[in-house]
Amino acid sequence: MATITGPLSGDAKNTVAEALQGALVDLVDLSLVAKQMHWNIVGHNFRPIHLQLDELVALAREHADTVAERAAALGINPDGRSATLGRSTKISQPESGWIEDGKVVATMTDILEGVGRRMRERIEATDEPDKSTQDLFIRIAQDIDKERWMFQAQR
Ligand SMILES: [Fe+2]
């Protein structure tokens with residue numbers, strides 16, 4: 001079987017692998033949680049938030065793909081399996097059933113705050129081992145901050 005080699009090895013590779021896998025889990029689960037709210041939101045502000053959530057889903061999926069492919073390019077196996085997500089996600093799951101629009105805004109603001117904080121930790125962690133991966137995290141953090149702002153502004 002072919003194996004993929006990359007420029008990193010040892011501790012540097014392990015650090016980058018942990019950061020990329022953590023980001024992948026965050027981004028895939030962010031897309032799932034945003035879809036859950038997209039489907040279950042109720043309230044006077046249903047329509048703009050329903051649509052806003054789908055924009056967030058698209059953004060999270062795009063970044064998840066970039067993160068996973070960055071891992072593969074470095075010879076690191078991305079793991080996006082549902083069981084892995086369930087075991088390792090740090091995003092607290094929304095309640096089942098309909099969710100009031102105000103609760104959606106508050107919950108999504110909190111979730112994006114957490115994802116943004118962890119993305120910053122990954123920026124720090126990858127500063128030494130791999131600046132190219134760090135650059136990816138910096139761009140993702142910018143988008144997550146923007147999304148967090150646009151939900152927080154509706155509180
Ligand atoms: Fe939809």
# chains A, B, ... in the order shown; residues from 1 in each chain; ligands from 1

call {"tool": "residues_around", "arguments": {"residues": "A:Leu53", "least_positions_apart": "6", "cutoff": "12 Å", "atoms": "only C-alpha atoms", "output": "PyMOL selection string"}}
result
chain A and resi 30-41+46-47+59-60+101+104-105+108-109+147-148+150-151

call {"tool": "write_last_selection", "arguments": {"atoms": "C-alpha atoms", "output": "compact mmCIF listing (two decimals), in the first residue's frame"}}
result
# COMPACT_ATOMS: atom_id res chain seq x y z
CA LEU A 30 -19.86 22.85 13.85
CA SER A 31 -21.42 22.07 10.46
CA LEU A 32 -23.64 19.38 12.01
CA VAL A 33 -24.79 21.50 14.94
CA ALA A 34 -25.50 24.44 12.62
CA LYS A 35 -27.63 22.17 10.40
CA GLN A 36 -29.50 20.88 13.47
CA MET A 37 -30.37 24.46 14.38
CA HIS A 38 -31.12 25.35 10.74
CA TRP A 39 -33.80 22.64 10.79
CA ASN A 40 -35.20 23.20 14.29
CA ILE A 41 -35.22 26.96 14.74
CA PHE A 46 -36.66 32.29 11.78
CA ARG A 47 -35.83 33.21 8.22
CA LEU A 59 -18.04 27.76 5.61
CA ALA A 60 -17.41 25.02 8.20
CA ASP A 101 -34.43 31.89 17.75
CA VAL A 104 -30.11 29.62 18.76
CA VAL A 105 -28.29 32.95 18.62
CA MET A 108 -24.24 29.55 18.45
CA THR A 109 -22.40 32.58 19.83
CA GLU A 147 -19.28 34.39 12.29
CA ARG A 148 -19.26 34.80 16.08
CA MET A 150 -22.61 38.15 13.29
CA PHE A 151 -24.47 35.92 15.76

call {"tool": "residues_around", "arguments": {"residues": "A:Ser132", "least_positions_apart": "6", "cutoff": "12 Å", "atoms": "only C-alpha atoms", "output": "ChimeraX atom specification"}}
result
/A:7-8,16,20,67,70-71,73-74,123,126,138-139

call {"tool": "write_last_selection", "arguments": {"atoms": "N, CA, C and O atoms", "output": "PDB file, in the first residue's frame"}}
result
ATOM      1  N   PRO A   7       6.877  16.594   5.001  1.00  0.00           N
ATOM      2  CA  PRO A   7       8.109  17.240   5.459  1.00  0.00           C
ATOM      3  C   PRO A   7       8.317  17.159   6.967  1.00  0.00           C
ATOM      4  O   PRO A   7       9.409  17.459   7.448  1.00  0.00           O
ATOM      5  N   LEU A   8       7.278  16.770   7.718  1.00  0.00           N
ATOM      6  CA  LEU A   8       7.386  16.782   9.179  1.00  0.00           C
ATOM      7  C   LEU A   8       7.644  15.392   9.719  1.00  0.00           C
ATOM      8  O   LEU A   8       7.276  14.388   9.108  1.00  0.00           O
ATOM      9  N   VAL A  16       1.366  18.892  15.097  1.00  0.00           N
ATOM     10  CA  VAL A  16       0.551  19.361  13.975  1.00  0.00           C
ATOM     11  C   VAL A  16      -0.635  18.423  13.747  1.00  0.00           C
ATOM     12  O   VAL A  16      -1.759  18.862  13.474  1.00  0.00           O
ATOM     13  N   LEU A  20      -4.493  19.586  13.788  1.00  0.00           N
ATOM     14  CA  LEU A  20      -5.343  19.418  12.599  1.00  0.00           C
ATOM     15  C   LEU A  20      -6.547  18.524  12.903  1.00  0.00           C
ATOM     16  O   LEU A  20      -7.666  18.812  12.478  1.00  0.00           O
ATOM     17  N   VAL A  67      -8.691  21.530   6.033  1.00  0.00           N
ATOM     18  CA  VAL A  67      -7.927  21.010   7.175  1.00  0.00           C
ATOM     19  C   VAL A  67      -7.601  19.523   6.963  1.00  0.00           C
ATOM     20  O   VAL A  67      -6.457  19.087   7.166  1.00  0.00           O
ATOM     21  N   ARG A  70      -5.015  19.168   4.303  1.00  0.00           N
ATOM     22  CA  ARG A  70      -3.701  19.605   4.802  1.00  0.00           C
ATOM     23  C   ARG A  70      -3.062  18.455   5.580  1.00  0.00           C
ATOM     24  O   ARG A  70      -1.877  18.180   5.434  1.00  0.00           O
ATOM     25  N   ALA A  71      -3.874  17.796   6.427  1.00  0.00           N
ATOM     26  CA  ALA A  71      -3.369  16.650   7.186  1.00  0.00           C
ATOM     27  C   ALA A  71      -2.853  15.582   6.222  1.00  0.00           C
ATOM     28  O   ALA A  71      -1.711  15.099   6.354  1.00  0.00           O
ATOM     29  N   ALA A  73      -1.882  15.794   3.218  1.00  0.00           N
ATOM     30  CA  ALA A  73      -0.692  16.257   2.493  1.00  0.00           C
ATOM     31  C   ALA A  73       0.573  16.144   3.335  1.00  0.00           C
ATOM     32  O   ALA A  73       1.681  16.080   2.808  1.00  0.00           O
ATOM     33  N   LEU A  74       0.386  16.115   4.676  1.00  0.00           N
ATOM     34  CA  LEU A  74       1.528  15.980   5.580  1.00  0.00           C
ATOM     35  C   LEU A  74       1.733  14.530   6.005  1.00  0.00           C
ATOM     36  O   LEU A  74       2.554  14.237   6.879  1.00  0.00           O
ATOM     37  N   ILE A 123      -3.150  27.917  16.684  1.00  0.00           N
ATOM     38  CA  ILE A 123      -2.218  28.882  16.074  1.00  0.00           C
ATOM     39  C   ILE A 123      -0.923  28.912  16.897  1.00  0.00           C
ATOM     40  O   ILE A 123       0.181  28.886  16.338  1.00  0.00           O
ATOM     41  N   THR A 126       1.147  25.519  16.597  1.00  0.00           N
ATOM     42  CA  THR A 126       1.806  25.219  15.322  1.00  0.00           C
ATOM     43  C   THR A 126       2.813  26.291  14.903  1.00  0.00           C
ATOM     44  O   THR A 126       3.425  26.181  13.841  1.00  0.00           O
ATOM     45  N   ILE A 138      -4.878  30.500  11.147  1.00  0.00           N
ATOM     46  CA  ILE A 138      -5.095  31.949  11.261  1.00  0.00           C
ATOM     47  C   ILE A 138      -6.259  32.380  10.377  1.00  0.00           C
ATOM     48  O   ILE A 138      -7.140  33.136  10.804  1.00  0.00           O
ATOM     49  N   ARG A 139      -6.297  31.854   9.169  1.00  0.00           N
ATOM     50  CA  ARG A 139      -7.395  32.217   8.253  1.00  0.00           C
ATOM     51  C   ARG A 139      -8.731  31.680   8.764  1.00  0.00           C
ATOM     52  O   ARG A 139      -9.760  32.362   8.694  1.00  0.00           O
TER      53      ARG A 139
END

call {"tool": "closest_residue", "arguments": {"among": "A:Ala2, A:Leu56, A:Ala72, A:Leu51", "to": "ligand 1", "atoms": "only C-alpha atoms and all ligand atoms"}}
result
A:Leu51

call {"tool": "atom_distance", "arguments": {"atom1": "atom CA of A:Ala106", "atom2": "atom CA of A:Ile49"}}
result
11.8 Å

call {"tool": "select_by_dssp", "arguments": {"residues": "chain A", "states": "strand (DSSP E or B)", "output": "PyMOL selection string"}}
result
chain A and resi 41-42+99-100

call {"tool": "atom_distance", "arguments": {"atom1": "atom CA of A:Trp98", "atom2": "atom CA of A:Val28"}}
result
21.9 Å

call {"tool": "residues_around", "arguments": {"residues": "A:Arg61", "least_positions_apart": "3", "cutoff": "8 Å", "atoms": "only C-alpha atoms", "output": "list of chain:residue names"}}
result
A:Leu27, A:Val28, A:Ser31, A:Val57, A:Ala58, A:Ala64, A:Asp65

call {"tool": "write_last_selection", "arguments": {"atoms": "N, CA and C atoms", "output": "compact mmCIF listing (two decimals), in the first residue's frame"}}
result
# COMPACT_ATOMS: atom_id res chain seq x y z
N LEU A 27 -14.71 21.59 13.23
CA LEU A 27 -15.36 22.14 12.03
C LEU A 27 -16.47 21.23 11.51
N VAL A 28 -16.24 19.92 11.54
CA VAL A 28 -17.30 19.00 11.09
C VAL A 28 -18.48 19.07 12.05
N SER A 31 -20.50 22.15 11.61
CA SER A 31 -21.42 22.07 10.46
C SER A 31 -22.66 21.26 10.82
N VAL A 57 -22.75 26.59 7.79
CA VAL A 57 -22.52 25.19 7.42
C VAL A 57 -21.56 25.12 6.23
N ALA A 58 -21.81 25.93 5.22
CA ALA A 58 -20.96 25.91 4.02
C ALA A 58 -19.52 26.29 4.36
N ALA A 64 -13.29 22.47 6.87
CA ALA A 64 -13.04 21.09 7.30
C ALA A 64 -12.30 20.33 6.19
N ASP A 65 -12.73 20.55 4.96
CA ASP A 65 -12.09 19.87 3.83
C ASP A 65 -10.64 20.32 3.68

call {"tool": "atom_distance", "arguments": {"atom1": "atom CA of A:Arg117", "atom2": "atom CA of A:Gly22"}}
result
12.2 Å

call {"tool": "closest_residue", "arguments": {"among": "A:Asp130, A:Glu95, A:Asp29, A:Asp54", "to": "ligand 1", "atoms": "only C-alpha atoms and all ligand atoms"}}
result
A:Asp54

call {"tool": "closest_residue", "arguments": {"among": "A:Asp145, A:Glu128, A:Glu55, A:Asp11", "to": "A:Ile111", "atoms": "only C-alpha atoms"}}
result
A:Asp145

call {"tool": "closest_residue", "arguments": {"among": "A:Thr133, A:Thr3, A:Asn45, A:Gln52", "to": "ligand 1", "atoms": "only C-alpha atoms and all ligand atoms"}}
result
A:Gln52

call {"tool": "select_by_dssp", "arguments": {"residues": "stretch 72-102 of chain A", "states": "alpha helix (DSSP H)", "output": "ChimeraX atom specification"}}
result
/A:72-73,82-88,101-102

call {"tool": "write_last_selection", "arguments": {"atoms": "C-alpha atoms", "output": "PDB file, in the first residue's frame"}}
result
ATOM      1  CA  ALA A  72      -3.278  14.150   4.314  1.00  0.00           C
ATOM      2  CA  ALA A  73      -0.692  16.257   2.493  1.00  0.00           C
ATOM      3  CA  SER A  82     -19.040   9.968  13.295  1.00  0.00           C
ATOM      4  CA  ALA A  83     -17.881   7.762  16.186  1.00  0.00           C
ATOM      5  CA  THR A  84     -14.660   9.776  16.398  1.00  0.00           C
ATOM      6  CA  LEU A  85     -16.621  13.017  16.415  1.00  0.00           C
ATOM      7  CA  GLY A  86     -18.950  11.738  19.124  1.00  0.00           C
ATOM      8  CA  ARG A  87     -16.012  10.702  21.264  1.00  0.00           C
ATOM      9  CA  SER A  88     -13.870  13.770  20.844  1.00  0.00           C
ATOM     10  CA  ASP A 101     -34.434  31.893  17.745  1.00  0.00           C
ATOM     11  CA  GLY A 102     -32.956  33.753  20.719  1.00  0.00           C
TER      12      GLY A 102
END

call {"tool": "closest_residue", "arguments": {"among": "A:His50, A:Ala17, A:Gly43, A:Gln152", "to": "ligand 1", "atoms": "only C-alpha atoms and all ligand atoms"}}
result
A:His50
